[in-house]
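Data file: entry.cif. Format and content: mmCIF, C-alpha atoms.
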```cif
data_model
#
loop_
_atom_site.group_PDB
_atom_site.id
_atom_site.type_symbol
_atom_site.label_atom_id
_atom_site.label_comp_id
_atom_site.auth_asym_id
_atom_site.auth_seq_id
_atom_site.Cartn_x
_atom_site.Cartn_y
_atom_site.Cartn_z
ATOM 1 C CA MET A 1 49.490 155.986 46.910
ATOM 2 C CA GLU A 2 51.774 158.903 46.249
ATOM 3 C CA ASN A 3 53.389 159.023 42.785
ATOM 4 C CA GLU A 4 50.743 156.596 41.501
ATOM 5 C CA LYS A 5 50.530 156.293 37.716
ATOM 6 C CA CYS A 6 48.022 154.710 35.370
ATOM 7 C CA LYS A 7 49.030 151.117 34.679
ATOM 8 C CA LYS A 8 47.623 151.410 31.153
ATOM 9 C CA CYS A 9 48.974 154.717 29.787
ATOM 10 C CA GLY A 10 51.428 155.896 32.474
ATOM 11 C CA SER A 11 49.598 159.175 33.124
ATOM 12 C CA GLU A 12 49.809 160.776 36.549
ATOM 13 C CA ASN A 13 46.379 162.367 35.968
ATOM 14 C CA ILE A 14 44.528 159.903 38.183
ATOM 15 C CA ILE A 15 41.905 160.128 40.891
ATOM 16 C CA MET A 16 41.125 157.878 43.811
ATOM 17 C CA VAL A 17 37.464 156.869 44.100
ATOM 18 C CA GLU A 18 35.678 156.027 47.329
ATOM 19 C CA TYR A 19 32.342 154.267 46.857
ATOM 20 C CA ASP A 20 29.273 155.945 48.341
ATOM 21 C CA MET A 21 28.040 154.672 51.721
ATOM 22 C CA MET A 22 24.977 153.162 49.996
ATOM 23 C CA HIS A 23 27.144 151.153 47.567
ATOM 24 C CA PRO A 24 27.131 147.392 48.310
ATOM 25 C CA GLU A 25 30.960 147.340 48.274
ATOM 26 C CA TYR A 26 31.348 150.501 50.378
ATOM 27 C CA TYR A 27 34.664 150.812 52.195
ATOM 28 C CA ASP A 28 35.798 153.808 54.222
ATOM 29 C CA GLY A 29 38.660 154.601 51.881
ATOM 30 C CA VAL A 30 39.787 154.320 48.271
ATOM 31 C CA SER A 31 38.251 151.478 46.238
ATOM 32 C CA GLU A 32 39.276 152.405 42.676
ATOM 33 C CA ILE A 33 42.035 154.256 40.882
ATOM 34 C CA VAL A 34 40.729 156.013 37.753
ATOM 35 C CA CYS A 35 42.826 157.561 34.989
ATOM 36 C CA GLN A 36 41.442 160.893 33.835
ATOM 37 C CA ASP A 37 43.363 160.629 30.539
ATOM 38 C CA CYS A 38 42.552 157.170 29.154
ATOM 39 C CA GLY A 39 39.560 156.295 31.381
ATOM 40 C CA ALA A 40 41.052 153.056 32.705
ATOM 41 C CA ARG A 41 39.839 151.949 36.134
ATOM 42 C CA PHE A 42 41.822 149.715 38.472
ATOM 43 C CA GLY A 43 40.817 148.058 41.712
ATOM 44 C CA ARG A 44 42.656 149.315 44.758
ATOM 45 C CA TRP A 45 43.329 145.858 46.238
ATOM 46 C CA SER A 46 43.264 143.572 43.217
ATOM 47 C CA GLY A 47 45.170 145.955 40.941
ATOM 48 C CA LYS A 48 43.220 144.547 37.994
ATOM 49 C CA GLU A 49 41.621 146.701 35.326
ATOM 50 C CA LEU A 50 37.886 146.958 35.923
ATOM 51 C CA LYS A 51 35.485 146.596 33.003
ATOM 52 C CA ASP A 52 32.412 148.785 32.492
ATOM 53 C CA GLY A 53 29.933 148.072 35.272
ATOM 54 C CA GLU A 54 32.475 146.065 37.285
ATOM 55 C CA VAL A 55 33.346 147.194 40.809
ATOM 56 C CA GLU A 56 36.182 146.393 43.183
ATOM 57 C CA LYS A 57 35.069 144.020 45.905
ATOM 58 C CA ARG A 58 35.772 145.186 49.444
ATOM 59 C CA GLY A 59 39.271 144.108 50.422
ATOM 60 C CA GLY A 60 39.864 142.637 46.934
ATOM 61 C CA ARG A 61 37.554 139.644 47.454
ATOM 62 C CA LYS A 62 36.505 137.658 44.412
#
```
For this file, write the structure as structure tokens.
Amino acid sequence: MENEKCKKCGSENIIMVEYDMMHPEYYDGVSEIVCQDCGARFGRWSGKELKDGEVEKRGGRK
């Protein structure tokens, strides 16, 4: 995920989020990409923008 940019604002100021082991969608690796500039969150597998309270399903499941 090198050179990753925010799909919403183009910023390179992003972080990769791994859900906690107690999270129902825990995966041993990155689950979300979060922009530190605009606050947008994207699912690692689905690539879709996540709404408040929405989480990325393990492996991009629906």
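Minimum atom-to-atom distance to Ala40 (chain A), evaluated using all atoms listed in the file, belongs to A:Cys9 out of A:Gly60, A:Glu4, A:Cys9, A:Asp28.
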Can you list, as a VMD selection string, every protein, DNA or RNA residue that comes within 12 Å of Ser11 (chain A) when you count all atoms listed in the file, leaving out same-chain residues fewer than 6 positions away?
chain A and resid 3 to 5 33 to 40
Report the distance between CA of Glu49 (chain A) and CA of Pro24 (chain A) in Å, rounded to one decimal place.
19.5 Å
Measuring atom to atom with all atoms listed in the file, identify which of A:Val30, A:Glu25, A:Lys8, A:Ile14 is nearest to Glu54 (chain A).
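Once distances to Glu54 (chain A) are computed over all atoms listed in the file, the minimum belongs to A:Glu25.
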Grab the CA of Glu12 (chain A) to CA of Lys62 (chain A) distance for me, in Å with one decimal place.
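We find that CA of Glu12 (chain A) and CA of Lys62 (chain A) lie 27.8 Å from each other.
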